[in-house]
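The structure appears right after this line, and notes come after that.
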Protein chains: 2
Amino acid sequence: MASPKFQTLPGFRDLPPRECAIRNYLTSTWASVARQHGFVEYETAMLEETALYLKKSGGELSSQLFRFRDQGERDVTLRPEVTASLARLAAAKQREFPKPIKWFEIGSCFRYEKPQKGRGREFIQLNADIIGESNVAADAELIALAIETMLAFGFRDGDFVVRVSDRSAWAGFAKKHGITGEEIGQFLQIVDKLDRDPPEKLAARLEAFGVEFSELREFVTQPERASPEFLDLMGDLMDDLAARGFDQHLEIDLSIVRGLAYYTGVVFEIFDTNHSMRAIAGGGRYDNLISTITDGATDLPASGFAMGDHVIRNFIEETPHAQMQMEVWLQGATSACDIFVVVADESRRPEALNAVTRLRSAGIATDFPLVPAKVGKQFQRAEQSGARFALVIGAEYPMLKLKILASRTEETGHADQLVDWLHDRIHQPDGPLLA
Amino acid sequence: MASPKFQTLPGFRDLPPRECAIRNYLTSTWASVARQHGFVEYETAMLEETALYLKKSGGELSSQLFRFRDQGERDVTLRPEVTASLARLAAAKQREFPKPIKWFEIGSCFRYEKPQKGRGREFIQLNADIIGESNVAADAELIALAIETMLAFGFRDGDFVVRVSDRSAWAGFAKKHGITGEEIGQFLQIVDKLDRDPPEKLAARLEAFGVEFSELREFVTQPERASPEFLDLMGDLMDDLAARGFDQHLEIDLSIVRGLAYYTGVVFEIFDTNHSMRAIAGGGRYDNLISTITDGATDLPASGFAMGDHVIRNFIEETPHAQMQMEVWLQGATSACDIFVVVADESRRPEALNAVTRLRSAGIATDFPLVPAKVGKQFQRAEQSGARFALVIGAEYPMLKLKILASRTEETGHADQLVDWLHDRIHQPDGPLLA
């Protein structure tokens, strides 16, 4: 047993091979779907000046920041998200890129809060953003990317729903009740809790704004009575996504406002339909953020969303068809090699090393026993490695035997043709070699 | 101009698309060569208890640690390397895996030191380790992986050299001079500086150990006079790497000892032959570390090496054939899409959105103008995107035009066959469509 003396810190985790492969399944799926949608990858620094986040969020996030003083007495924070850094980077580099800029990022983020299921202190997030386009077509493109990401994980119609709203729809409501300026942000935080907090608690908080709980409830449940601008915007969004064949995933829901103050227009969240309280991804339009971060020096409209690794993974593992697809992928990804070389005659070890090197150089994942071992034990190791083939190098050298481990059949070949022979072989199914 | 108000912290960096693609070139090459060698990926936590590193290094690293107090008053450190975390993880999980365990990891590490060319406060490192095998064959396997990694980056014979030594060769020397126990580590730190510090400075430091500079020099320059055990070990290592065709890259060099106290046997560093002071990678055997980290609860021999992103990137950029290979890769990786859809008739936008979605779902990277634009401007955007093809959807729908942007030739097809047509097309070269 290992000594428990050194353990990971609370909320942090090591990823042994299977856990790491699951991470890779999530991140490689995120990256490939984003690339299919014409998004280009960027990355930002892991650590930032704390003021960057306080400026962005108006202080709301500050209780969760992983914040500390570095050795240079700087007030710094491990990034809790990347949108603030993206705003800085995009403002600095925007002249080098035609608009709209479509970028994505995948990396670790940090939060200092009580660790619990689905929330660690270190987690991985996909971020996708479109910068420089104010039209709702950009929001539709982002929602389409989010939907295609869900489909790529094997989720089907009915497994999930995208709830969409528009922050500006609440502007009229707020104006009618005399809620203005910074108060609007505080008011929307109450709306954000509509599905989570008990009505009595919400009603008490609404009093300060002179709003009855019933008025709020009525406004939320009758989106068709919202402003004509809201209905037009939702109509355009729906038409766009209908042309893509994705409208069945959408639901207009005025209770979706997102907690953060900086959203300005369309906002959306993806929910697991079986656990209606669980948001899998969320985002929206933040047209003023780049201007805020740059003190007005650069003003660009922007929209984006994020998806974290913990919730999507739990959702996959609870959904049999998505889980099965992941398991098939993991089988391939956790094999240590395609070919395991068995050294049946120790005097042929130099030839075995040479063969291993030629196979690897040809891009074929190959492993072998580092030290002499009985042939039976080597075959056992070949099975454990997940290899499809065992290549036996023995007394018959330069003739070689290839054992197909699943079918337990055997083929032979010559060492001189090793790479061509096996390169063709691994691209064919098990069973007799096809002509 | 963006406001300079928010900048990255000293030693930290943002990666806009080209920089991010260079990072991906390095990390994907590292990962694919490691997988070809039968290494399996793992990952450890980004933040650790500081004591883990102090225990491992005996305090040597402590001046460079990115160390702070978290909100829970824990003394924590952003990982400066992953070997200590690996030792913990391997000890905890070793019963689940047959030995030897061959694992690799790629991720960010942190150092708090003065930022300079080739050394940032955040950097990315490849780590490859073999746990549970004490034979020099494991060291040879790691050196082979390091060499194949260099070759995969396009480096050739003569561009680099692997200098190899053995810590235990110095045991005899130390014993003869009465240097014992913890003093050996301090003594080896002087040897480590042999190529870097002036002789007078070294001679002065050697006095405390009763060693003349000339004795040290003589020992280093005459490896053939070292112990028979050393010569046997180097002979076995050389034979193994000669069978793989890699012996021309090796040089036995007793001045290679590695700075850290925990190495116990074979040690090696890869050097750029044109800048002989610059180490590109380094590692060695650390048979006691897992026992140290676990207070003796788990005792496994181990060996490994690390390669950082800054130095290898500089070396690639200074080596024309390696640089050219990277540029070719980057051209493919920085294209936003394969196909840019031109909406030549706005009334066909729904059909365009549908076509875009079908192409993306088939795995073809596709982009399009989010808002109406003149056709000439759309073609300009297609060129900027790096796409090979522009697919024109206009009044002739369901007939579609495909423009090959490089050759400025044109082909036509039917919307119903869109995916099959373009799936075949993108796998063929430019020029007339082959039958």
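Going through the structure tokens in order, the chains are called A, B, and so on, while each chain numbers its residues from 1 and the ligands are numbered from 1 in the order shown.
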- Task: Write out as a PyMOL selection string all residues of range 264-389 of chain A that DSSP puts in strand (DSSP E) for this structure's backbone.
- Result: chain A and resi 266-272+279-285+302-308+339-343+366-367+389
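Residues in contact with Gly394 in chain A at up to 7 Å, not including ones fewer than 4 positions away on its chain and judged by only C-alpha atoms, are A:Val343, A:Ala344, A:Asp345, A:Arg348.
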Please superimpose chain A upon chain B, fitting all C-alpha atoms matched one to one in order, and report the result as a compact mmCIF listing (two decimals) with C-alpha atoms, in the first residue's frame.
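Just written: part12.txt:
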# COMPACT_ATOMS: atom_id res chain seq x y z
CA MET A 1 -5.38 49.91 -30.04
CA ALA A 2 -6.18 47.79 -27.04
CA SER A 3 -5.66 49.38 -23.66
CA PRO A 4 -2.44 48.16 -22.08
CA LYS A 5 -4.27 48.11 -18.74
CA PHE A 6 -4.65 44.32 -18.61
CA GLN A 7 -1.63 42.36 -19.77
CA THR A 8 -0.42 38.84 -19.14
CA LEU A 9 1.63 38.46 -15.96
CA PRO A 10 5.46 38.42 -16.33
CA GLY A 11 6.56 35.05 -17.75
CA PHE A 12 3.01 34.11 -18.86
CA ARG A 13 1.69 34.22 -22.40
CA ASP A 14 -1.45 34.04 -24.50
CA LEU A 15 -1.35 31.80 -27.54
CA PRO A 16 -3.18 33.31 -30.55
CA PRO A 17 -3.97 30.77 -33.31
CA ARG A 18 -0.51 30.40 -34.88
CA GLU A 19 1.20 30.13 -31.49
CA CYS A 20 -1.43 27.64 -30.37
CA ALA A 21 -0.91 25.59 -33.54
CA ILE A 22 2.85 25.50 -32.83
CA ARG A 23 2.07 24.22 -29.33
CA ASN A 24 -0.20 21.59 -30.88
CA TYR A 25 2.53 20.57 -33.33
CA LEU A 26 4.90 19.95 -30.41
CA THR A 27 2.38 18.19 -28.17
CA SER A 28 0.79 16.03 -30.90
CA THR A 29 4.25 14.93 -32.11
CA TRP A 30 5.27 14.09 -28.54
CA ALA A 31 2.05 12.12 -27.99
CA SER A 32 2.13 10.18 -31.23
CA VAL A 33 5.78 9.10 -30.90
CA ALA A 34 5.20 8.08 -27.26
CA ARG A 35 2.15 6.01 -28.30
CA GLN A 36 4.17 4.35 -31.08
CA HIS A 37 6.56 3.25 -28.31
CA GLY A 38 3.79 1.68 -26.21
CA PHE A 39 3.59 4.49 -23.65
CA VAL A 40 0.14 5.30 -22.24
CA GLU A 41 -0.96 8.81 -21.25
CA TYR A 42 -1.74 9.94 -17.68
CA GLU A 43 -2.12 13.35 -16.05
CA THR A 44 -1.58 14.73 -12.55
CA ALA A 45 -2.98 17.68 -10.62
CA MET A 46 -1.73 21.15 -11.54
CA LEU A 47 -1.41 22.21 -7.90
CA GLU A 48 0.22 20.19 -5.09
CA GLU A 49 1.18 20.39 -1.44
CA THR A 50 4.63 22.08 -1.40
CA ALA A 51 6.07 19.36 0.86
CA LEU A 52 5.81 16.88 -2.04
CA TYR A 53 8.49 18.81 -3.95
CA LEU A 54 10.68 19.59 -0.95
CA LYS A 55 10.71 15.89 -0.05
CA LYS A 56 11.61 14.87 -3.57
CA SER A 57 14.37 17.30 -4.38
CA GLY A 58 15.93 17.70 -0.96
CA GLY A 59 15.27 21.43 -1.19
CA GLU A 60 17.32 22.12 -4.34
CA LEU A 61 14.31 23.21 -6.37
CA SER A 62 12.81 25.32 -3.60
CA SER A 63 14.17 28.64 -4.84
CA GLN A 64 12.28 28.22 -8.15
CA LEU A 65 8.96 26.93 -6.81
CA PHE A 66 5.78 28.84 -7.73
CA ARG A 67 4.69 28.57 -4.11
CA PHE A 68 1.88 30.30 -2.21
CA ARG A 69 -0.71 29.97 0.56
CA ASP A 70 -4.19 29.09 -0.66
CA GLN A 71 -7.42 30.37 0.94
CA GLY A 72 -7.38 27.33 3.26
CA GLU A 73 -3.89 28.36 4.51
CA ARG A 74 -2.27 25.38 2.79
CA ASP A 75 1.34 25.70 1.64
CA VAL A 76 0.87 24.79 -2.05
CA THR A 77 2.89 24.94 -5.28
CA LEU A 78 1.97 25.02 -8.98
CA ARG A 79 3.72 21.92 -10.26
CA PRO A 80 7.32 22.62 -11.36
CA GLU A 81 7.54 19.10 -12.86
CA VAL A 82 5.46 15.93 -12.67
CA THR A 83 7.85 13.21 -11.47
CA ALA A 84 6.93 13.64 -7.80
CA SER A 85 3.19 13.43 -8.59
CA LEU A 86 3.85 10.45 -10.87
CA ALA A 87 5.68 8.68 -8.05
CA ARG A 88 2.63 9.16 -5.79
CA LEU A 89 0.16 8.08 -8.50
CA ALA A 90 2.22 5.07 -9.59
CA ALA A 91 2.65 3.92 -5.98
CA ALA A 92 -1.10 4.19 -5.36
CA LYS A 93 -2.16 2.41 -8.57
CA GLN A 94 0.75 0.06 -9.34
CA ARG A 95 -1.12 -3.13 -8.41
CA GLU A 96 -3.62 -2.48 -11.22
CA PHE A 97 -0.92 -2.53 -13.92
CA PRO A 98 1.57 -5.21 -15.07
CA LYS A 99 5.20 -4.08 -14.86
CA PRO A 100 6.93 -2.35 -16.41
CA ILE A 101 4.53 0.59 -16.41
CA LYS A 102 5.28 2.83 -19.43
CA TRP A 103 3.52 6.14 -19.06
CA PHE A 104 3.77 9.63 -20.58
CA GLU A 105 2.29 13.00 -19.67
CA ILE A 106 2.08 16.35 -21.47
CA GLY A 107 1.05 19.49 -19.64
CA SER A 108 1.85 22.89 -18.16
CA CYS A 109 4.46 23.32 -15.44
CA PHE A 110 5.39 26.47 -13.53
CA ARG A 111 8.55 28.05 -12.14
CA TYR A 112 8.92 31.31 -10.28
CA GLU A 113 12.14 32.72 -11.71
CA LYS A 114 13.22 35.68 -13.80
CA PRO A 115 11.59 35.25 -17.23
CA GLN A 116 14.12 35.09 -20.10
CA LYS A 117 14.37 33.71 -23.64
CA GLY A 118 13.66 30.01 -23.48
CA ARG A 119 12.35 30.12 -19.89
CA GLY A 120 8.85 31.31 -19.05
CA ARG A 121 7.05 30.99 -15.74
CA GLU A 122 4.52 28.70 -17.44
CA PHE A 123 5.86 26.13 -19.89
CA ILE A 124 4.79 22.79 -21.34
CA GLN A 125 6.67 19.58 -20.78
CA LEU A 126 6.65 16.02 -22.08
CA ASN A 127 7.41 13.43 -19.40
CA ALA A 128 8.02 9.76 -20.23
CA ASP A 129 8.80 7.21 -17.53
CA ILE A 130 9.21 3.46 -17.11
CA ILE A 131 8.37 2.16 -13.64
CA GLY A 132 9.11 -1.31 -12.28
CA GLU A 133 12.15 -2.26 -14.38
CA SER A 134 15.70 -1.85 -13.04
CA ASN A 135 17.48 -3.22 -16.10
CA VAL A 136 19.40 -0.81 -18.32
CA ALA A 137 17.07 -1.97 -21.14
CA ALA A 138 14.49 0.46 -19.68
CA ASP A 139 16.99 3.34 -19.90
CA ALA A 140 17.75 2.32 -23.49
CA GLU A 141 14.02 2.30 -24.33
CA LEU A 142 13.66 5.84 -22.94
CA ILE A 143 16.72 7.09 -24.82
CA ALA A 144 15.32 5.48 -28.00
CA LEU A 145 12.02 7.33 -27.44
CA ALA A 146 13.88 10.61 -26.96
CA ILE A 147 15.88 10.02 -30.17
CA GLU A 148 12.75 9.07 -32.18
CA THR A 149 11.08 12.23 -30.89
CA MET A 150 13.95 14.29 -32.27
CA LEU A 151 13.78 12.43 -35.62
CA ALA A 152 9.98 12.97 -35.74
CA PHE A 153 10.60 16.73 -35.54
CA GLY A 154 12.78 16.38 -38.66
CA PHE A 155 16.19 16.56 -36.98
CA ARG A 156 18.93 14.53 -38.64
CA ASP A 157 22.17 12.78 -37.74
CA GLY A 158 24.58 15.41 -36.52
CA ASP A 159 21.95 17.96 -35.48
CA PHE A 160 21.87 16.63 -31.93
CA VAL A 161 23.76 14.33 -29.59
CA VAL A 162 22.67 12.28 -26.58
CA ARG A 163 25.27 12.44 -23.83
CA VAL A 164 25.04 9.51 -21.43
CA SER A 165 26.62 8.75 -18.12
CA ASP A 166 26.04 6.82 -14.91
CA ARG A 167 25.83 8.39 -11.48
CA SER A 168 27.28 5.29 -9.85
CA ALA A 169 30.52 5.73 -11.81
CA TRP A 170 31.12 8.68 -9.52
CA ALA A 171 30.58 6.55 -6.42
CA GLY A 172 34.09 5.08 -6.69
CA PHE A 173 35.62 8.52 -7.27
CA ALA A 174 33.74 9.94 -4.29
CA LYS A 175 34.71 7.01 -2.03
CA LYS A 176 38.40 7.42 -2.93
CA HIS A 177 38.17 11.06 -1.80
CA GLY A 178 36.22 10.29 1.36
CA ILE A 179 33.02 11.95 0.11
CA THR A 180 30.01 10.13 1.55
CA GLY A 181 26.25 10.35 2.16
CA GLU A 182 24.60 13.69 1.49
CA GLU A 183 27.94 15.22 0.50
CA ILE A 184 27.87 13.18 -2.71
CA GLY A 185 24.86 15.15 -3.94
CA GLN A 186 26.59 18.48 -3.24
CA PHE A 187 29.76 17.23 -4.92
CA LEU A 188 27.83 16.17 -8.04
CA GLN A 189 26.31 19.64 -8.30
CA ILE A 190 29.85 20.92 -8.87
CA VAL A 191 30.44 18.25 -11.55
CA ASP A 192 27.15 19.34 -13.15
CA LYS A 193 28.62 22.83 -13.67
CA LEU A 194 31.86 21.54 -15.25
CA ASP A 195 31.02 22.84 -18.73
CA ARG A 196 29.41 26.05 -17.52
CA ASP A 197 31.41 27.58 -14.65
CA PRO A 198 35.04 28.85 -14.91
CA PRO A 199 37.72 26.44 -13.62
CA GLU A 200 38.78 28.84 -10.81
CA LYS A 201 35.27 28.92 -9.41
CA LEU A 202 34.96 25.13 -9.60
CA ALA A 203 38.38 24.62 -8.04
CA ALA A 204 37.41 26.83 -5.09
CA ARG A 205 34.21 24.86 -4.51
CA LEU A 206 36.08 21.54 -4.82
CA GLU A 207 38.45 22.49 -2.00
CA ALA A 208 35.81 21.69 0.62
CA PHE A 209 35.83 18.11 -0.66
CA GLY A 210 39.63 17.81 -0.84
CA VAL A 211 39.52 17.32 -4.60
CA GLU A 212 41.84 18.99 -7.12
CA PHE A 213 40.25 20.37 -10.26
CA SER A 214 42.81 18.47 -12.38
CA GLU A 215 41.76 15.14 -10.82
CA LEU A 216 38.16 15.83 -11.75
CA ARG A 217 39.08 16.86 -15.28
CA GLU A 218 41.18 13.72 -15.73
CA PHE A 219 38.40 11.45 -14.48
CA VAL A 220 35.89 13.04 -16.86
CA THR A 221 38.11 12.91 -19.93
CA GLN A 222 39.10 9.25 -19.53
CA PRO A 223 35.86 7.28 -19.18
CA GLU A 224 37.71 4.16 -20.37
CA ARG A 225 39.55 4.19 -17.01
CA ALA A 226 36.32 4.20 -14.97
CA SER A 227 35.11 1.10 -13.12
CA PRO A 228 34.42 -2.20 -14.96
CA GLU A 229 30.76 -1.97 -13.81
CA PHE A 230 30.44 1.40 -15.53
CA LEU A 231 32.01 0.06 -18.73
CA ASP A 232 29.71 -2.99 -18.70
CA LEU A 233 26.63 -0.84 -18.21
CA MET A 234 27.57 1.56 -21.00
CA GLY A 235 28.40 -1.44 -23.22
CA ASP A 236 24.94 -2.95 -22.68
CA LEU A 237 23.29 0.41 -23.36
CA MET A 238 25.31 0.92 -26.53
CA ASP A 239 24.58 -2.61 -27.80
CA ASP A 240 20.84 -2.10 -27.30
CA LEU A 241 20.81 1.24 -29.11
CA ALA A 242 23.11 -0.07 -31.86
CA ALA A 243 20.57 -2.85 -32.59
CA ARG A 244 17.99 -0.08 -33.06
CA GLY A 245 20.33 1.84 -35.36
CA PHE A 246 20.69 4.74 -32.93
CA ASP A 247 24.23 4.38 -31.57
CA GLN A 248 25.58 7.18 -33.79
CA HIS A 249 23.55 9.67 -31.69
CA LEU A 250 25.22 8.59 -28.41
CA GLU A 251 28.28 9.91 -26.63
CA ILE A 252 29.49 8.63 -23.26
CA ASP A 253 30.27 11.71 -21.18
CA LEU A 254 31.05 11.47 -17.47
CA SER A 255 30.41 15.19 -16.99
CA ILE A 256 26.68 14.52 -17.39
CA VAL A 257 25.37 14.01 -13.83
CA ARG A 258 22.09 16.04 -13.77
CA GLY A 259 21.65 18.55 -10.99
CA LEU A 260 19.03 16.84 -8.86
CA ALA A 261 19.95 14.64 -5.92
CA TYR A 262 17.51 11.83 -6.60
CA TYR A 263 19.12 10.28 -9.70
CA THR A 264 20.71 6.92 -8.96
CA GLY A 265 22.02 5.38 -12.20
CA VAL A 266 22.05 6.10 -15.92
CA VAL A 267 21.58 9.82 -16.66
CA PHE A 268 21.40 11.51 -20.06
CA GLU A 269 20.87 14.84 -21.77
CA ILE A 270 20.21 15.71 -25.40
CA PHE A 271 22.23 18.61 -26.77
CA ASP A 272 21.98 20.77 -29.85
CA THR A 273 25.38 20.20 -31.51
CA ASN A 274 25.53 23.77 -32.81
CA HIS A 275 24.90 25.29 -29.38
CA SER A 276 26.74 22.81 -27.22
CA MET A 277 25.61 24.41 -23.97
CA ARG A 278 21.91 23.98 -24.68
CA ALA A 279 20.19 20.91 -23.24
CA ILE A 280 16.97 19.99 -25.09
CA ALA A 281 15.90 17.11 -22.86
CA GLY A 282 17.24 15.26 -19.87
CA GLY A 283 16.51 12.43 -17.52
CA GLY A 284 17.76 9.34 -15.83
CA ARG A 285 17.18 6.59 -13.35
CA TYR A 286 15.63 7.36 -9.95
CA ASP A 287 15.30 4.01 -8.21
CA ASN A 288 14.75 5.41 -4.69
CA LEU A 289 12.24 8.19 -5.36
CA ILE A 290 9.02 6.20 -5.09
CA SER A 291 10.21 4.75 -1.79
CA THR A 292 11.12 8.25 -0.55
CA ILE A 293 7.75 9.73 -1.54
CA THR A 294 5.85 6.85 0.10
CA ASP A 295 8.05 6.66 3.21
CA GLY A 296 9.17 3.19 2.16
CA ALA A 297 5.66 1.78 1.67
CA THR A 298 6.24 1.14 -2.06
CA ASP A 299 9.64 0.45 -3.57
CA LEU A 300 9.86 0.39 -7.36
CA PRO A 301 12.79 1.14 -9.66
CA ALA A 302 12.08 3.87 -12.21
CA SER A 303 13.65 5.87 -15.01
CA GLY A 304 12.38 8.77 -17.11
CA PHE A 305 13.06 11.98 -18.99
CA ALA A 306 11.45 15.33 -19.75
CA MET A 307 11.51 17.71 -22.72
CA GLY A 308 10.19 21.29 -22.52
CA ASP A 309 8.48 23.29 -25.24
CA HIS A 310 10.60 26.45 -25.26
CA VAL A 311 14.01 24.96 -26.11
CA ILE A 312 12.77 22.42 -28.67
CA ARG A 313 10.80 25.14 -30.43
CA ASN A 314 13.81 27.46 -30.63
CA PHE A 315 15.91 24.56 -31.93
CA ILE A 316 13.30 23.75 -34.61
CA GLU A 317 13.12 27.38 -35.70
CA GLU A 318 16.93 27.56 -36.03
CA THR A 319 17.18 24.32 -38.08
CA PRO A 320 15.91 24.87 -41.66
CA HIS A 321 14.79 21.29 -42.42
CA ALA A 322 12.95 20.96 -39.08
CA GLN A 323 11.45 24.44 -39.50
CA MET A 324 10.20 23.60 -43.01
CA GLN A 325 8.49 20.42 -41.78
CA MET A 326 6.75 22.42 -39.04
CA GLU A 327 5.60 25.09 -41.49
CA VAL A 328 3.99 22.47 -43.76
CA TRP A 329 2.13 21.07 -40.75
CA LEU A 330 1.06 24.56 -39.64
CA GLN A 331 -0.39 25.37 -43.05
CA GLY A 332 -2.86 22.53 -42.64
CA ALA A 333 -3.51 23.21 -38.96
CA THR A 334 -4.23 26.93 -39.22
CA SER A 335 -6.80 26.68 -42.03
CA ALA A 336 -10.17 27.52 -40.55
CA CYS A 337 -11.95 25.09 -42.89
CA ASP A 338 -11.80 22.84 -45.96
CA ILE A 339 -14.89 24.28 -47.64
CA PHE A 340 -16.21 27.83 -47.54
CA VAL A 341 -19.83 28.09 -48.64
CA VAL A 342 -20.63 31.18 -50.72
CA VAL A 343 -24.27 32.27 -50.52
CA ALA A 344 -24.65 33.80 -54.00
CA ASP A 345 -28.41 34.21 -53.68
CA GLU A 346 -29.71 35.29 -50.25
CA SER A 347 -33.08 33.61 -50.86
CA ARG A 348 -31.14 30.31 -50.79
CA ARG A 349 -29.69 30.94 -47.26
CA PRO A 350 -31.85 28.16 -45.71
CA GLU A 351 -30.49 25.71 -48.29
CA ALA A 352 -26.97 26.98 -47.61
CA LEU A 353 -27.41 26.46 -43.84
CA ASN A 354 -28.67 22.97 -44.56
CA ALA A 355 -25.69 22.18 -46.80
CA VAL A 356 -23.23 23.56 -44.22
CA THR A 357 -24.78 21.36 -41.54
CA ARG A 358 -24.65 18.20 -43.69
CA LEU A 359 -20.99 18.77 -44.56
CA ARG A 360 -20.01 19.42 -40.95
CA SER A 361 -21.90 16.35 -39.74
CA ALA A 362 -19.90 14.33 -42.28
CA GLY A 363 -16.70 15.55 -40.61
CA ILE A 364 -15.80 18.16 -43.25
CA ALA A 365 -14.67 21.49 -41.76
CA THR A 366 -17.02 24.05 -43.30
CA ASP A 367 -17.55 27.77 -42.84
CA PHE A 368 -19.87 30.37 -44.39
CA PRO A 369 -20.73 34.09 -44.13
CA LEU A 370 -23.02 34.64 -41.14
CA VAL A 371 -24.61 37.72 -42.71
CA PRO A 372 -25.34 38.78 -46.32
CA ALA A 373 -22.29 40.04 -48.23
CA LYS A 374 -21.35 40.68 -51.85
CA VAL A 375 -20.17 37.55 -53.66
CA GLY A 376 -16.70 39.04 -54.28
CA LYS A 377 -16.31 39.73 -50.59
CA GLN A 378 -17.40 36.18 -49.76
CA PHE A 379 -14.73 34.78 -52.08
CA GLN A 380 -12.17 37.01 -50.39
CA ARG A 381 -13.24 35.59 -47.05
CA ALA A 382 -12.97 32.07 -48.51
CA GLU A 383 -9.34 32.77 -49.49
CA GLN A 384 -8.53 34.23 -46.07
CA SER A 385 -10.01 31.21 -44.32
CA GLY A 386 -7.43 28.89 -45.88
CA ALA A 387 -10.18 26.74 -47.44
CA ARG A 388 -9.29 24.67 -50.50
CA PHE A 389 -12.79 24.92 -51.95
CA ALA A 390 -15.59 27.45 -52.27
CA LEU A 391 -19.02 25.89 -52.70
CA VAL A 392 -21.38 28.32 -54.42
CA ILE A 393 -25.09 28.08 -53.60
CA GLY A 394 -27.11 30.34 -55.83
CA ALA A 395 -29.99 30.70 -58.26
CA GLU A 396 -29.13 27.39 -60.02
CA TYR A 397 -29.93 25.45 -56.83
CA PRO A 398 -30.11 22.38 -56.56
CA MET A 399 -27.13 22.53 -58.96
CA LEU A 400 -24.04 23.72 -57.10
CA LYS A 401 -20.67 25.05 -58.21
CA LEU A 402 -17.43 24.05 -56.54
CA LYS A 403 -14.46 26.36 -57.10
CA ILE A 404 -11.00 24.97 -56.40
CA LEU A 405 -9.39 28.10 -55.03
CA ALA A 406 -5.74 27.31 -55.82
CA SER A 407 -6.26 26.25 -59.45
CA ARG A 408 -9.27 28.54 -60.01
CA THR A 409 -11.04 25.69 -61.78
CA GLU A 410 -14.70 24.84 -61.33
CA GLU A 411 -16.81 21.69 -61.05
CA THR A 412 -20.54 21.20 -60.62
CA GLY A 413 -22.69 18.82 -58.61
CA HIS A 414 -26.19 18.23 -57.28
CA ALA A 415 -27.31 19.16 -53.78
CA ASP A 416 -28.73 15.65 -53.22
CA GLN A 417 -25.25 14.12 -53.67
CA LEU A 418 -23.50 16.88 -51.75
CA VAL A 419 -21.83 14.86 -49.00
CA ASP A 420 -20.68 11.90 -51.14
CA TRP A 421 -19.45 14.24 -53.86
CA LEU A 422 -17.40 16.47 -51.57
CA HIS A 423 -16.21 13.68 -49.31
CA ASP A 424 -14.58 12.06 -52.34
CA ARG A 425 -13.41 15.39 -53.74
CA ILE A 426 -11.46 16.59 -50.72
CA HIS A 427 -9.45 13.37 -50.69
CA GLN A 428 -8.22 13.99 -54.23
CA PRO A 429 -5.58 16.45 -55.39
CA ASP A 430 -6.44 19.74 -57.08
CA GLY A 431 -6.82 19.65 -60.87
CA PRO A 432 -9.44 17.74 -62.86
CA LEU A 433 -11.57 15.33 -60.84
CA LEU A 434 -10.24 11.77 -61.18
CA ALA A 435 -12.60 9.01 -62.19
- Item | alpha helix (DSSP H) residues, from DSSP on the backbone, in range 273-413 of chain A, as a VMD selection string | chain A and resid 289 to 293 309 to 317 320 to 333 349 to 361 375 to 385
